[in-house]
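So the structure is just underneath, and the comments pick up after that.
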Amino acid sequence: FIFDDNFLIINNPYVKNFNISKIFTTGIFHFKPKELSHGNYYYRPLQSLSYSVEYILWKLNPVGYRTTNILLHSLNSLFIFLLLFLIFKDKILALLSGIFFCIHPAQACLVTFIAGRSNLLETFFTLSSILAFVYCLACCGKKYYYFSLLLYVAALLSREGALLLPLYLIACLTFFKLKKKRIILLLIPYIALSLLYIMIRHAFFPFGKYGILPSLSLHQLFNFALRLHDYFWQLLLTLNLKVELFNKHYMAKFIFYFLSSVMPIYFLTKAVISKDKVIFSAFILYFIGLIPLIKLDENLNNLGPILSEHYVYNASIGFCILLAY
C-alpha cells in the first residue's frame, strides 16, 4: 500500500467494519490527517464500498486490491471494443483500439495505484452506460435505456467526472439518424440526473475541492491550450523514456515535438477534407476526456507529469482509436 492507499484502506474503520451508512455520507478522505488533507471534499462512495467488500475477501493483502484494478481496466478495454464495433461495424478497428488502450504504458500510473480505483470505476460505469445506450438505439431494446440510466447513477457515485457522460452520448447520437425531438427526449433524463446529483452534493455531501461546476477564467483556458501538446506527447512517449532520450539527444527532442505538433493538425485536416467520422470521433473523445484538466492545470503543473498521466485515462481512449485507425 502506498500514499493514499493507507488513508483509504488501512486507516479507514468504515471500510474494515463495513459501515455502509458512513461510506455513503462522508468524504472518502474522512480519516486523512488535517495537515495532509485538503478537506473532506471527495465523495466517492462506490470506491470505499469496493474496498469494504475486498477487505472481507483478502484483508490487508494488496495483491487482491491490485488484481481488482487490473480486472476493471481489462473490462474497460473490452467495453471499448464492443462500443466501437457497435458504432463502426469494424472488428479490426475495435479490437486494436481496445488492445492499445489495455496495454498503453501511460495506464500503469493509474491501474497499479490502488487509490486510483475511482477513475477505473467511473470509466467502467460510464462506458457500460454508453454501451447500453448505444445498444438500445441499435437494437431498439428499451430496457437497455433504463439500464443505462441506472449505470449512470453508479458512475456518478464513483467519481464526479462522470458528469461528462451526456457529452459522450451526444457524440454517439451523431451516428444515428434520429429526429431532434427524440434526441432531446433521450438526453433529458441524463441531464436531470446530472442536475439532481449536483444539487444533492451541494446540499448534503462534500461538494468537491475544485467545484463540480468550476468557474473558468481566460487565463485557465489559455494555460490549458498551451498544455494540450504535453497531454498528447505523453501518450506518444512514456515519461521515463522521454527524459532519457531528450537529455541525451537534443535533435530527437526537436523532431519529436515537431511531429507531435504536426500529427494532430494533419489528422484533423484529413478528417475535414474526407469527412472521416472515425478521426472526428477519436478527437472528440480525446478532448471530452481532457475537460476536467482545465481546472486542474495549475495543480498538474506543480505536482508533475506523473499525476497528469493519472488524469488522461479517459482521454487516451480517443488517442488509441486514432492509433488503431
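By convention here, the chains of the C-alpha cells are called A, B, ... in the order presented, each chain's residues are numbered starting at 1, and ligands are numbered starting at 1 in the order presented.
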
Contacts of Pro292 of chain A at 9 Å (only C-alpha atoms; same-chain gap of 4+ positions) as a PyMOL selection string: chain A and resi 161+164+288+296+311

Residue contacts of Leu228 of chain A (12 Å, only C-alpha atoms) excluding same-chain residues fewer than 6 positions away, as a list in words: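 Using only C-alpha atoms, the neighbours found are Leu221, Phe222, Gln234, Leu235, Ser260, Ser261, Pro264, Tyr286, Phe287, Gly289, Leu290, Ile291, Leu293, Ile294, Asp297, Ser308, Val312 and Ala315 of chain A.
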
Those residues with N, CA and C atoms, as a CSV table (one decimal), in the first residue's frame please?
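Listing of selection.csv after writing:
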chain,number,residue,atom,x,y,z
A,221,LEU,N,-8.0,28.8,-19.3
A,221,LEU,CA,-8.3,28.2,-20.7
A,221,LEU,C,-7.0,28.4,-21.5
A,222,PHE,N,-6.3,29.5,-21.4
A,222,PHE,CA,-5.1,29.7,-22.2
A,222,PHE,C,-4.0,28.7,-21.8
A,234,GLN,N,2.7,12.9,-24.1
A,234,GLN,CA,2.8,11.9,-23.0
A,234,GLN,C,2.1,10.5,-23.3
A,235,LEU,N,1.2,10.6,-24.3
A,235,LEU,CA,0.6,9.4,-24.8
A,235,LEU,C,1.4,8.8,-26.0
A,260,SER,N,4.9,15.7,-33.1
A,260,SER,CA,3.7,15.6,-32.2
A,260,SER,C,2.8,16.8,-32.4
A,261,SER,N,3.4,17.9,-33.0
A,261,SER,CA,2.5,19.1,-33.2
A,261,SER,C,1.9,19.0,-34.6
A,264,PRO,N,-1.5,15.9,-35.1
A,264,PRO,CA,-2.9,16.2,-34.8
A,264,PRO,C,-3.5,17.1,-35.9
A,286,TYR,N,-11.1,12.4,-27.2
A,286,TYR,CA,-9.9,12.8,-26.6
A,286,TYR,C,-10.1,14.2,-25.8
A,287,PHE,N,-10.8,15.1,-26.5
A,287,PHE,CA,-11.0,16.4,-25.9
A,287,PHE,C,-12.0,16.4,-24.7
A,289,GLY,N,-12.4,13.9,-22.7
A,289,GLY,CA,-11.7,13.3,-21.6
A,289,GLY,C,-10.8,14.3,-20.9
A,290,LEU,N,-10.3,15.3,-21.6
A,290,LEU,CA,-9.4,16.3,-21.1
A,290,LEU,C,-10.1,17.4,-20.3
A,291,ILE,N,-11.4,17.6,-20.5
A,291,ILE,CA,-12.1,18.7,-19.9
A,291,ILE,C,-11.9,18.9,-18.4
A,293,LEU,N,-9.3,18.6,-16.8
A,293,LEU,CA,-8.0,19.1,-16.6
A,293,LEU,C,-7.9,20.6,-16.7
A,294,ILE,N,-8.9,21.2,-17.2
A,294,ILE,CA,-8.9,22.7,-17.4
A,294,ILE,C,-8.7,23.3,-16.0
A,297,ASP,N,-5.2,22.4,-14.1
A,297,ASP,CA,-4.0,22.7,-14.8
A,297,ASP,C,-2.9,23.1,-13.8
A,308,SER,N,-0.3,13.8,-14.2
A,308,SER,CA,-1.0,14.1,-15.4
A,308,SER,C,-1.4,12.8,-16.1
A,312,VAL,N,-5.3,11.3,-17.7
A,312,VAL,CA,-5.6,11.2,-19.1
A,312,VAL,C,-6.1,9.9,-19.5
A,315,ALA,N,-9.2,10.3,-21.7
A,315,ALA,CA,-8.7,10.9,-23.0
A,315,ALA,C,-8.0,10.0,-23.9

Near-Asn61 of chain A list (9 Å; only C-alpha atoms; drop same-chain fewer than 4 positions) as a list of chain:residue names: A:Phe1, A:Tyr55, A:Tyr65

Alpha helix (DSSP H) call set, DSSP backbone run, segment 145-282 of chain A, as a PyMOL selection string: chain A and resi 145-158+165-173+180-204+218-236+239-248+250-274+277-282

I need the chosen residues saved as a tab-separated table (two decimals), in the first residue's frame, with C-alpha atoms.
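Result file follows (again.tsv):
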chain	number	residue	atom	x	y	z
A	145	TYR	CA	-32.08	2.55	-21.91
A	146	TYR	CA	-33.27	2.23	-18.29
A	147	PHE	CA	-30.26	0.07	-17.54
A	148	SER	CA	-28.05	2.82	-18.98
A	149	LEU	CA	-29.61	5.38	-16.63
A	150	LEU	CA	-29.00	3.09	-13.65
A	151	LEU	CA	-25.37	2.66	-14.66
A	152	TYR	CA	-25.03	6.45	-14.96
A	153	VAL	CA	-26.07	6.79	-11.31
A	154	ALA	CA	-23.36	4.26	-10.40
A	155	ALA	CA	-20.83	6.26	-12.43
A	156	LEU	CA	-21.74	9.45	-10.55
A	157	LEU	CA	-21.33	7.65	-7.22
A	158	SER	CA	-17.88	6.52	-8.36
A	165	LEU	CA	-21.40	11.31	-19.87
A	166	PRO	CA	-24.14	13.39	-21.62
A	167	LEU	CA	-21.40	14.83	-23.88
A	168	TYR	CA	-20.29	11.32	-24.82
A	169	LEU	CA	-23.91	10.40	-25.57
A	170	ILE	CA	-24.31	13.43	-27.86
A	171	ALA	CA	-21.19	12.28	-29.75
A	172	CYS	CA	-22.70	8.79	-30.11
A	173	LEU	CA	-26.05	10.16	-31.31
A	180	LYS	CA	-34.20	16.30	-32.91
A	181	LYS	CA	-37.24	15.81	-30.70
A	182	ARG	CA	-36.28	12.21	-29.93
A	183	ILE	CA	-32.67	13.18	-29.27
A	184	ILE	CA	-33.80	15.77	-26.72
A	185	LEU	CA	-36.17	13.27	-25.07
A	186	LEU	CA	-33.38	10.70	-24.83
A	187	LEU	CA	-30.97	13.19	-23.21
A	188	ILE	CA	-33.36	14.86	-20.74
A	189	PRO	CA	-33.22	12.04	-18.10
A	190	TYR	CA	-29.40	12.11	-18.11
A	191	ILE	CA	-29.32	15.89	-17.75
A	192	ALA	CA	-31.92	15.67	-14.96
A	193	LEU	CA	-29.81	13.09	-13.10
A	194	SER	CA	-26.75	15.33	-13.51
A	195	LEU	CA	-28.55	18.35	-12.03
A	196	LEU	CA	-30.03	16.26	-9.22
A	197	TYR	CA	-26.59	14.89	-8.35
A	198	ILE	CA	-25.07	18.39	-8.27
A	199	MET	CA	-27.87	19.73	-6.03
A	200	ILE	CA	-27.67	16.80	-3.60
A	201	ARG	CA	-23.88	17.00	-3.44
A	202	HIS	CA	-24.01	20.73	-2.83
A	203	ALA	CA	-26.69	20.49	-0.13
A	204	PHE	CA	-25.75	17.36	1.80
A	218	LEU	CA	-9.45	33.03	-19.72
A	219	HIS	CA	-6.11	32.51	-18.01
A	220	GLN	CA	-7.01	28.89	-17.16
A	221	LEU	CA	-8.27	28.21	-20.67
A	222	PHE	CA	-5.11	29.71	-22.19
A	223	ASN	CA	-2.83	27.60	-19.97
A	224	PHE	CA	-4.88	24.52	-20.79
A	225	ALA	CA	-4.50	25.21	-24.53
A	226	LEU	CA	-0.72	25.50	-24.09
A	227	ARG	CA	-0.59	22.17	-22.26
A	228	LEU	CA	-2.63	20.27	-24.87
A	229	HIS	CA	0.65	19.49	-26.60
A	230	ASP	CA	2.05	17.95	-23.40
A	231	TYR	CA	-1.00	15.74	-22.93
A	232	PHE	CA	-0.59	14.48	-26.48
A	233	TRP	CA	3.14	13.73	-26.29
A	234	GLN	CA	2.82	11.85	-23.01
A	235	LEU	CA	0.58	9.38	-24.84
A	236	LEU	CA	3.20	9.08	-27.60
A	239	LEU	CA	7.84	9.90	-19.18
A	240	ASN	CA	11.00	7.90	-18.32
A	241	LEU	CA	11.85	7.30	-21.98
A	242	LYS	CA	11.24	10.97	-22.79
A	243	VAL	CA	13.62	12.16	-20.05
A	244	GLU	CA	16.31	9.65	-21.02
A	245	LEU	CA	16.03	10.35	-24.75
A	246	PHE	CA	15.74	14.14	-24.67
A	247	ASN	CA	18.54	14.70	-22.18
A	248	LYS	CA	20.98	12.93	-24.50
A	250	TYR	CA	18.53	17.46	-28.47
A	251	MET	CA	17.78	16.82	-32.16
A	252	ALA	CA	15.47	13.95	-31.15
A	253	LYS	CA	13.62	16.38	-28.89
A	254	PHE	CA	13.15	18.88	-31.70
A	255	ILE	CA	11.99	16.20	-34.19
A	256	PHE	CA	9.60	14.64	-31.67
A	257	TYR	CA	7.97	17.93	-30.68
A	258	PHE	CA	7.65	18.93	-34.32
A	259	LEU	CA	5.99	15.63	-35.28
A	260	SER	CA	3.70	15.60	-32.24
A	261	SER	CA	2.54	19.10	-33.22
A	262	VAL	CA	2.06	18.31	-36.91
A	263	MET	CA	0.33	14.95	-36.49
A	264	PRO	CA	-2.91	16.21	-34.83
A	265	ILE	CA	-3.17	19.03	-37.40
A	266	TYR	CA	-2.65	16.56	-40.25
A	267	PHE	CA	-5.31	14.15	-38.99
A	268	LEU	CA	-7.83	16.91	-38.33
A	269	THR	CA	-7.28	18.33	-41.82
A	270	LYS	CA	-7.71	14.86	-43.29
A	271	ALA	CA	-10.94	14.42	-41.30
A	272	VAL	CA	-12.35	17.73	-42.56
A	273	ILE	CA	-11.47	17.05	-46.22
A	274	SER	CA	-12.67	13.45	-46.31
A	277	LYS	CA	-16.13	10.10	-38.79
A	278	VAL	CA	-13.58	7.81	-37.14
A	279	ILE	CA	-10.97	10.57	-36.84
A	280	PHE	CA	-13.57	13.09	-35.68
A	281	SER	CA	-14.82	10.65	-33.06
A	282	ALA	CA	-11.28	10.00	-31.82

Surrounding residues of Asp90 of chain A excluding itself and chain neighbours under 6 positions, 12 Å, only C-alpha atoms, as a list in words: Phe81, Leu82, Leu83, Leu84, Leu96, Ser97, Val278, Ile321, Ala324 and Tyr325 of chain A

Two-atom distance - atom CA of Leu127 of chain A, atom CA of Tyr43 of chain A (Å):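 Between atom CA of Leu127 of chain A and atom CA of Tyr43 of chain A the gap works out to 20.4 Å.
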
Residue among A:Ile87, A:Leu178, A:Leu237, A:Ile2 lying closest to Ile114 of chain A, counting only C-alpha atoms: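 Counting only C-alpha atoms, the residue closest to Ile114 of chain A is A:Ile2.
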
Among listed residues A:Ser74, A:Thr174, A:Thr238, A:Thr123, nearest Tyr313 of chain A (using only C-alpha atoms): A:Thr123

Any idea what's packed within 9 Å of segment 77-80 of chain A, counting only C-alpha atoms, ignoring anything in its chain fewer than 2 positions away? Could you give it as an mmCIF file with all heavy atoms, in the first residue's frame?
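Output (out02.cif):
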data_model
loop_
_atom_site.group_PDB
_atom_site.id
_atom_site.type_symbol
_atom_site.label_atom_id
_atom_site.label_comp_id
_atom_site.auth_asym_id
_atom_site.auth_seq_id
_atom_site.Cartn_x
_atom_site.Cartn_y
_atom_site.Cartn_z
ATOM 1 N N LEU A 72 -10.772 -4.422 -13.655
ATOM 2 C CA LEU A 72 -11.593 -3.290 -14.097
ATOM 3 C C LEU A 72 -11.027 -2.669 -15.372
ATOM 4 O O LEU A 72 -11.767 -2.353 -16.307
ATOM 5 C CB LEU A 72 -11.673 -2.227 -12.986
ATOM 6 C CG LEU A 72 -12.614 -2.522 -11.820
ATOM 7 C CD1 LEU A 72 -12.385 -1.522 -10.690
ATOM 8 C CD2 LEU A 72 -14.074 -2.476 -12.274
ATOM 9 N N HIS A 73 -9.714 -2.508 -15.415
ATOM 10 C CA HIS A 73 -9.073 -1.940 -16.603
ATOM 11 C C HIS A 73 -9.287 -2.844 -17.815
ATOM 12 O O HIS A 73 -9.545 -2.362 -18.926
ATOM 13 C CB HIS A 73 -7.579 -1.739 -16.330
ATOM 14 C CG HIS A 73 -6.806 -1.241 -17.510
ATOM 15 N ND1 HIS A 73 -7.092 -0.045 -18.137
ATOM 16 C CD2 HIS A 73 -5.764 -1.787 -18.202
ATOM 17 C CE1 HIS A 73 -6.256 0.139 -19.148
ATOM 18 N NE2 HIS A 73 -5.450 -0.911 -19.213
ATOM 19 N N SER A 74 -9.187 -4.150 -17.616
ATOM 20 C CA SER A 74 -9.397 -5.106 -18.705
ATOM 21 C C SER A 74 -10.828 -5.041 -19.221
ATOM 22 O O SER A 74 -11.072 -5.084 -20.430
ATOM 23 C CB SER A 74 -9.068 -6.525 -18.231
ATOM 24 O OG SER A 74 -7.750 -6.608 -17.754
ATOM 25 N N LEU A 75 -11.786 -4.919 -18.297
ATOM 26 C CA LEU A 75 -13.192 -4.810 -18.696
ATOM 27 C C LEU A 75 -13.444 -3.504 -19.443
ATOM 28 O O LEU A 75 -14.218 -3.469 -20.403
ATOM 29 C CB LEU A 75 -14.098 -4.910 -17.466
ATOM 30 C CG LEU A 75 -14.208 -6.303 -16.840
ATOM 31 C CD1 LEU A 75 -14.948 -6.235 -15.508
ATOM 32 C CD2 LEU A 75 -14.917 -7.265 -17.788
ATOM 33 N N LEU A 82 -16.368 -3.398 -27.712
ATOM 34 C CA LEU A 82 -17.784 -3.627 -28.009
ATOM 35 C C LEU A 82 -18.463 -2.357 -28.519
ATOM 36 O O LEU A 82 -19.254 -2.397 -29.467
ATOM 37 C CB LEU A 82 -18.502 -4.140 -26.754
ATOM 38 C CG LEU A 82 -18.074 -5.525 -26.250
ATOM 39 C CD1 LEU A 82 -18.726 -5.824 -24.900
ATOM 40 C CD2 LEU A 82 -18.418 -6.602 -27.256
ATOM 41 N N LEU A 83 -18.148 -1.228 -27.881
ATOM 42 C CA LEU A 83 -18.769 0.042 -28.255
ATOM 43 C C LEU A 83 -18.380 0.454 -29.673
ATOM 44 O O LEU A 83 -19.245 0.840 -30.482
ATOM 45 C CB LEU A 83 -18.368 1.126 -27.253
ATOM 46 C CG LEU A 83 -19.003 2.507 -27.414
ATOM 47 C CD1 LEU A 83 -20.516 2.416 -27.298
ATOM 48 C CD2 LEU A 83 -18.452 3.470 -26.376
ATOM 49 N N LEU A 84 -17.102 0.362 -29.993
ATOM 50 C CA LEU A 84 -16.635 0.759 -31.328
ATOM 51 C C LEU A 84 -17.155 -0.185 -32.407
ATOM 52 O O LEU A 84 -17.458 0.238 -33.522
ATOM 53 C CB LEU A 84 -15.107 0.801 -31.358
ATOM 54 C CG LEU A 84 -14.453 1.890 -30.502
ATOM 55 C CD1 LEU A 84 -12.943 1.779 -30.555
ATOM 56 C CD2 LEU A 84 -14.901 3.270 -30.946
ATOM 57 N N PHE A 85 -17.263 -1.457 -32.057
ATOM 58 C CA PHE A 85 -17.804 -2.407 -33.036
ATOM 59 C C PHE A 85 -19.278 -2.125 -33.317
ATOM 60 O O PHE A 85 -19.731 -2.197 -34.464
ATOM 61 C CB PHE A 85 -17.634 -3.840 -32.538
ATOM 62 C CG PHE A 85 -18.210 -4.867 -33.475
ATOM 63 C CD1 PHE A 85 -17.659 -5.049 -34.736
ATOM 64 C CD2 PHE A 85 -19.308 -5.616 -33.117
ATOM 65 C CE1 PHE A 85 -18.190 -5.982 -35.619
ATOM 66 C CE2 PHE A 85 -19.856 -6.545 -33.985
ATOM 67 C CZ PHE A 85 -19.291 -6.742 -35.243
ATOM 68 N N ALA A 94 -11.994 -1.846 -33.829
ATOM 69 C CA ALA A 94 -12.460 -2.010 -32.444
ATOM 70 C C ALA A 94 -11.469 -2.827 -31.626
ATOM 71 O O ALA A 94 -11.141 -2.472 -30.488
ATOM 72 C CB ALA A 94 -13.835 -2.679 -32.444
ATOM 73 N N LEU A 95 -10.975 -3.909 -32.216
ATOM 74 C CA LEU A 95 -10.046 -4.796 -31.493
ATOM 75 C C LEU A 95 -8.726 -4.096 -31.187
ATOM 76 O O LEU A 95 -8.236 -4.134 -30.046
ATOM 77 C CB LEU A 95 -9.793 -6.060 -32.323
ATOM 78 C CG LEU A 95 -8.858 -7.103 -31.693
ATOM 79 C CD1 LEU A 95 -9.440 -7.653 -30.410
ATOM 80 C CD2 LEU A 95 -8.571 -8.229 -32.672
ATOM 81 N N SER A 97 -8.125 -0.860 -31.031
ATOM 82 C CA SER A 97 -8.359 0.243 -30.085
ATOM 83 C C SER A 97 -8.409 -0.288 -28.661
ATOM 84 O O SER A 97 -7.805 0.286 -27.744
ATOM 85 C CB SER A 97 -9.664 0.959 -30.425
ATOM 86 O OG SER A 97 -9.622 1.523 -31.716
ATOM 87 N N GLY A 98 -9.131 -1.389 -28.462
ATOM 88 C CA GLY A 98 -9.227 -1.998 -27.130
ATOM 89 C C GLY A 98 -7.884 -2.500 -26.636
ATOM 90 O O GLY A 98 -7.532 -2.321 -25.465
ATOM 91 N N ILE A 99 -7.114 -3.125 -27.533
ATOM 92 C CA ILE A 99 -5.799 -3.655 -27.156
ATOM 93 C C ILE A 99 -4.832 -2.522 -26.800
ATOM 94 O O ILE A 99 -4.140 -2.572 -25.773
ATOM 95 C CB ILE A 99 -5.213 -4.511 -28.296
ATOM 96 C CG1 ILE A 99 -5.994 -5.824 -28.414
ATOM 97 C CG2 ILE A 99 -3.730 -4.807 -28.053
ATOM 98 C CD1 ILE A 99 -5.597 -6.673 -29.606
ATOM 99 N N PHE A 100 -4.791 -1.477 -27.648
ATOM 100 C CA PHE A 100 -3.883 -0.356 -27.380
ATOM 101 C C PHE A 100 -4.225 0.326 -26.056
ATOM 102 O O PHE A 100 -3.334 0.710 -25.296
ATOM 103 C CB PHE A 100 -3.920 0.657 -28.528
ATOM 104 C CG PHE A 100 -3.284 0.164 -29.793
ATOM 105 C CD1 PHE A 100 -3.691 0.642 -31.034
ATOM 106 C CD2 PHE A 100 -2.268 -0.771 -29.748
ATOM 107 C CE1 PHE A 100 -3.101 0.187 -32.203
ATOM 108 C CE2 PHE A 100 -1.671 -1.230 -30.914
ATOM 109 C CZ PHE A 100 -2.090 -0.756 -32.144
ATOM 110 N N PHE A 101 -5.536 0.480 -25.777
ATOM 111 C CA PHE A 101 -5.946 1.078 -24.506
ATOM 112 C C PHE A 101 -5.508 0.192 -23.340
ATOM 113 O O PHE A 101 -5.075 0.686 -22.300
ATOM 114 C CB PHE A 101 -7.463 1.261 -24.487
ATOM 115 C CG PHE A 101 -7.992 1.848 -23.209
ATOM 116 C CD1 PHE A 101 -7.906 3.214 -22.963
ATOM 117 C CD2 PHE A 101 -8.571 1.035 -22.238
ATOM 118 C CE1 PHE A 101 -8.386 3.762 -21.781
ATOM 119 C CE2 PHE A 101 -9.046 1.579 -21.046
ATOM 120 C CZ PHE A 101 -8.958 2.942 -20.824
ATOM 121 N N CYS A 102 -5.626 -1.111 -23.522
ATOM 122 C CA CYS A 102 -5.310 -2.055 -22.448
ATOM 123 C C CYS A 102 -3.823 -2.048 -22.093
ATOM 124 O O CYS A 102 -3.466 -2.110 -20.919
ATOM 125 C CB CYS A 102 -5.759 -3.460 -22.863
ATOM 126 S SG CYS A 102 -5.737 -4.660 -21.518
ATOM 127 N N PHE A 124 -15.541 2.507 -15.933
ATOM 128 C CA PHE A 124 -16.271 1.240 -16.063
ATOM 129 C C PHE A 124 -17.769 1.483 -16.199
ATOM 130 O O PHE A 124 -18.419 0.978 -17.125
ATOM 131 C CB PHE A 124 -15.983 0.359 -14.841
ATOM 132 C CG PHE A 124 -16.804 -0.908 -14.791
ATOM 133 C CD1 PHE A 124 -16.437 -2.011 -15.539
ATOM 134 C CD2 PHE A 124 -17.935 -0.977 -13.995
ATOM 135 C CE1 PHE A 124 -17.198 -3.177 -15.492
ATOM 136 C CE2 PHE A 124 -18.695 -2.133 -13.945
ATOM 137 C CZ PHE A 124 -18.328 -3.244 -14.698
ATOM 138 N N LEU A 127 -18.604 3.782 -19.460
ATOM 139 C CA LEU A 127 -18.571 3.016 -20.709
ATOM 140 C C LEU A 127 -19.725 2.021 -20.800
ATOM 141 O O LEU A 127 -20.329 1.856 -21.859
ATOM 142 C CB LEU A 127 -17.237 2.275 -20.844
ATOM 143 C CG LEU A 127 -16.013 3.118 -21.190
ATOM 144 C CD1 LEU A 127 -14.738 2.272 -21.140
ATOM 145 C CD2 LEU A 127 -16.151 3.763 -22.565
ATOM 146 N N SER A 128 -20.049 1.365 -19.683
ATOM 147 C CA SER A 128 -21.153 0.400 -19.706
ATOM 148 C C SER A 128 -22.482 1.111 -19.909
ATOM 149 O O SER A 128 -23.376 0.596 -20.587
ATOM 150 C CB SER A 128 -21.173 -0.434 -18.420
ATOM 151 O OG SER A 128 -21.240 0.381 -17.276
ATOM 152 N N LEU A 131 -22.558 2.028 -23.563
ATOM 153 C CA LEU A 131 -22.747 0.796 -24.327
ATOM 154 C C LEU A 131 -24.213 0.372 -24.317
ATOM 155 O O LEU A 131 -24.773 0.017 -25.363
ATOM 156 C CB LEU A 131 -21.871 -0.317 -23.744
ATOM 157 C CG LEU A 131 -21.767 -1.622 -24.525
ATOM 158 C CD1 LEU A 131 -21.207 -1.386 -25.922
ATOM 159 C CD2 LEU A 131 -20.889 -2.610 -23.767
ATOM 160 N N ILE A 317 -8.568 7.054 -24.637
ATOM 161 C CA ILE A 317 -9.446 6.246 -25.499
ATOM 162 C C ILE A 317 -9.426 6.812 -26.918
ATOM 163 O O ILE A 317 -9.262 6.080 -27.902
ATOM 164 C CB ILE A 317 -10.890 6.213 -24.950
ATOM 165 C CG1 ILE A 317 -10.926 5.545 -23.574
ATOM 166 C CG2 ILE A 317 -11.822 5.486 -25.914
ATOM 167 C CD1 ILE A 317 -12.291 5.607 -22.897
#

For Lys59 of chain A: contacts at 12 Å, only C-alpha atoms, fewer than 4 positions along chain excluded, given as a PyMOL selection string: chain A and resi 9-10+15-17+51-55+63-65

Would you save the residues from that selection as an mmCIF file, in the first residue's frame, using C-alpha atoms?
data_model
loop_
_atom_site.group_PDB
_atom_site.id
_atom_site.type_symbol
_atom_site.label_atom_id
_atom_site.label_comp_id
_atom_site.auth_asym_id
_atom_site.auth_seq_id
_atom_site.Cartn_x
_atom_site.Cartn_y
_atom_site.Cartn_z
ATOM 1 C CA ILE A 9 -7.979 1.306 3.424
ATOM 2 C CA ILE A 10 -5.560 0.688 6.301
ATOM 3 C CA VAL A 15 -14.028 0.067 5.293
ATOM 4 C CA LYS A 16 -12.829 -2.505 7.819
ATOM 5 C CA ASN A 17 -16.184 -2.676 9.643
ATOM 6 C CA TYR A 51 -12.655 -1.680 -0.645
ATOM 7 C CA SER A 52 -15.053 -2.900 2.066
ATOM 8 C CA VAL A 53 -16.051 -5.945 0.031
ATOM 9 C CA GLU A 54 -12.414 -6.683 -0.765
ATOM 10 C CA TYR A 55 -11.358 -6.323 2.867
ATOM 11 C CA VAL A 63 -2.356 -8.193 -4.279
ATOM 12 C CA GLY A 64 -6.140 -8.628 -4.174
ATOM 13 C CA TYR A 65 -6.841 -4.907 -4.484
#
